[in-house]
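Below is one structure, written out as structure tokens, with a few remarks after it.
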Amino acid sequence: MIPIEHYLFLSSFMFVTGVVGVITRRNAIVVFMSIELMLNSANLVFVTFSSYLGNVTGQLVVFFVMAVAAAEAAVGLAIIIAIFRNKLTVNLDEINILKW
Amino acid sequence: MSLESVLFYFFAAISIVTSILVISSKNPVLSALSLILNFAGLAGVYLTLYAQFIAVVQVIVYAGAIMVLFLFVIMLIRPEAERNYFQERKSFKMLTIGIGVIVLGQLMFLIISGTSMFTSGGHSEQSLEVGTVERIGWELMTSYLLPFEAIGFLLLAASIGAMVLAKKKFE
């Protein structure tokens with residue numbers, strides 16, 4: 001029997017990896033993928049506790065999170081395409097039109 | 001060591017290695033492919049938790065649909081290298097990784113000290129039937145009907161919004 005901590009360790013490792021990716025990478029698409037990594041680590045915690053407590057609600061929340069993530073990916077990638085069309089770059093250091 | 005544990009540690013190792021590859025590879029296409037492998041590994045981890053429906057949806061929706069979208073956008077947008085960034089700001093990167101390690105240590109400490117009440121039980125009796133399609137579908141159609149409909153509307157709005165945003169003439 002696998003202790004519940006091991007699932008939570010895996011999840012926290014993936015979350016920290018996602019945070020480091022968001023901070024260090026400058027490519028907007030890779031930052032987006034790091035956000036997906038963090039979303040999935042949260043999903044893993046939901047499924048873990050759902051399974052260990054025998055309660056179905058956690059898996060339903062994961063289902064909804066997946067639907068929201070799909071919507072978020074579609075809109076976010078459309079925004080990235082729109083920015084690329086205007087500025088010809090996806091480097092986050094050069095996208096500063098709202099900065100002053 | 002039971003087969004279940006072997007499978008869990010195998011899939012967990014895949015997830016850990018590929019999640020590091022996602023943030024460390026300089027080519028965005030390699031990052032996306034590593035992320036697909038990471039999602040597949042996570043689906044295996046979900047299977048060791050008896051969450052069959054979530055595991056299948058993870059492969060179909062995440063590794064299938066969302067990552068294909070990512071790959072299409074990467075190939076539409078010329079994948080330029082993040083030139084010189086790693087050379088220029090090495091100390092910043094090291095600082096970030098250090099902070100990440102500290103946060104990970106804190107999370108692990110909290111998990112060890114906080115989950116002592118769950119360690120004895122293991123999987124509960126009901127967890128075998130909790131993850132089935134039948135059970136989840138039943139809950140979706142009864143007590144979670146309103147969120148289910150709302151999520152359908154959200155997806156419709158998001159697809160229309162994506163089309164409007166990505167259109168050539170923005171008006």
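Residue names in the structure tokens use chain letters A, B, ... in the order shown, residue numbers from 1 in each chain, and ligand numbers from 1 in the order shown.
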(message) Select, as a ChimeraX atom specification, those residues of chain A with any atom no more than 8 Å from chain B (distances computed using only C-alpha atoms).
(response) /A:1-5,8-10,12-14,16-21,23-27,29-30,33-34,37,44,47-48,50-56,59-60,62-64,66-68,70-79,81-82,84,91
(message) Let me make sure I understand: among A:Ile80, A:Leu98, A:Leu92, A:Ala69, which one has the smallest atom-to-atom distance to Asn40 (chain A) if we use only C-alpha atoms?
(response) A:Ala69
(request) If you run DSSP over the backbone, which residues in chain A end up alpha helix (DSSP H)? Put them as a VMD selection string. (result) chain A and resid 4 to 24 28 to 53 57 to 87
(message) For a test of reading the model, state the distance in Å between CA of Ala28 (chain A) and CA of Ile97 (chain A), rounded to one decimal.
(response) 15.1 Å
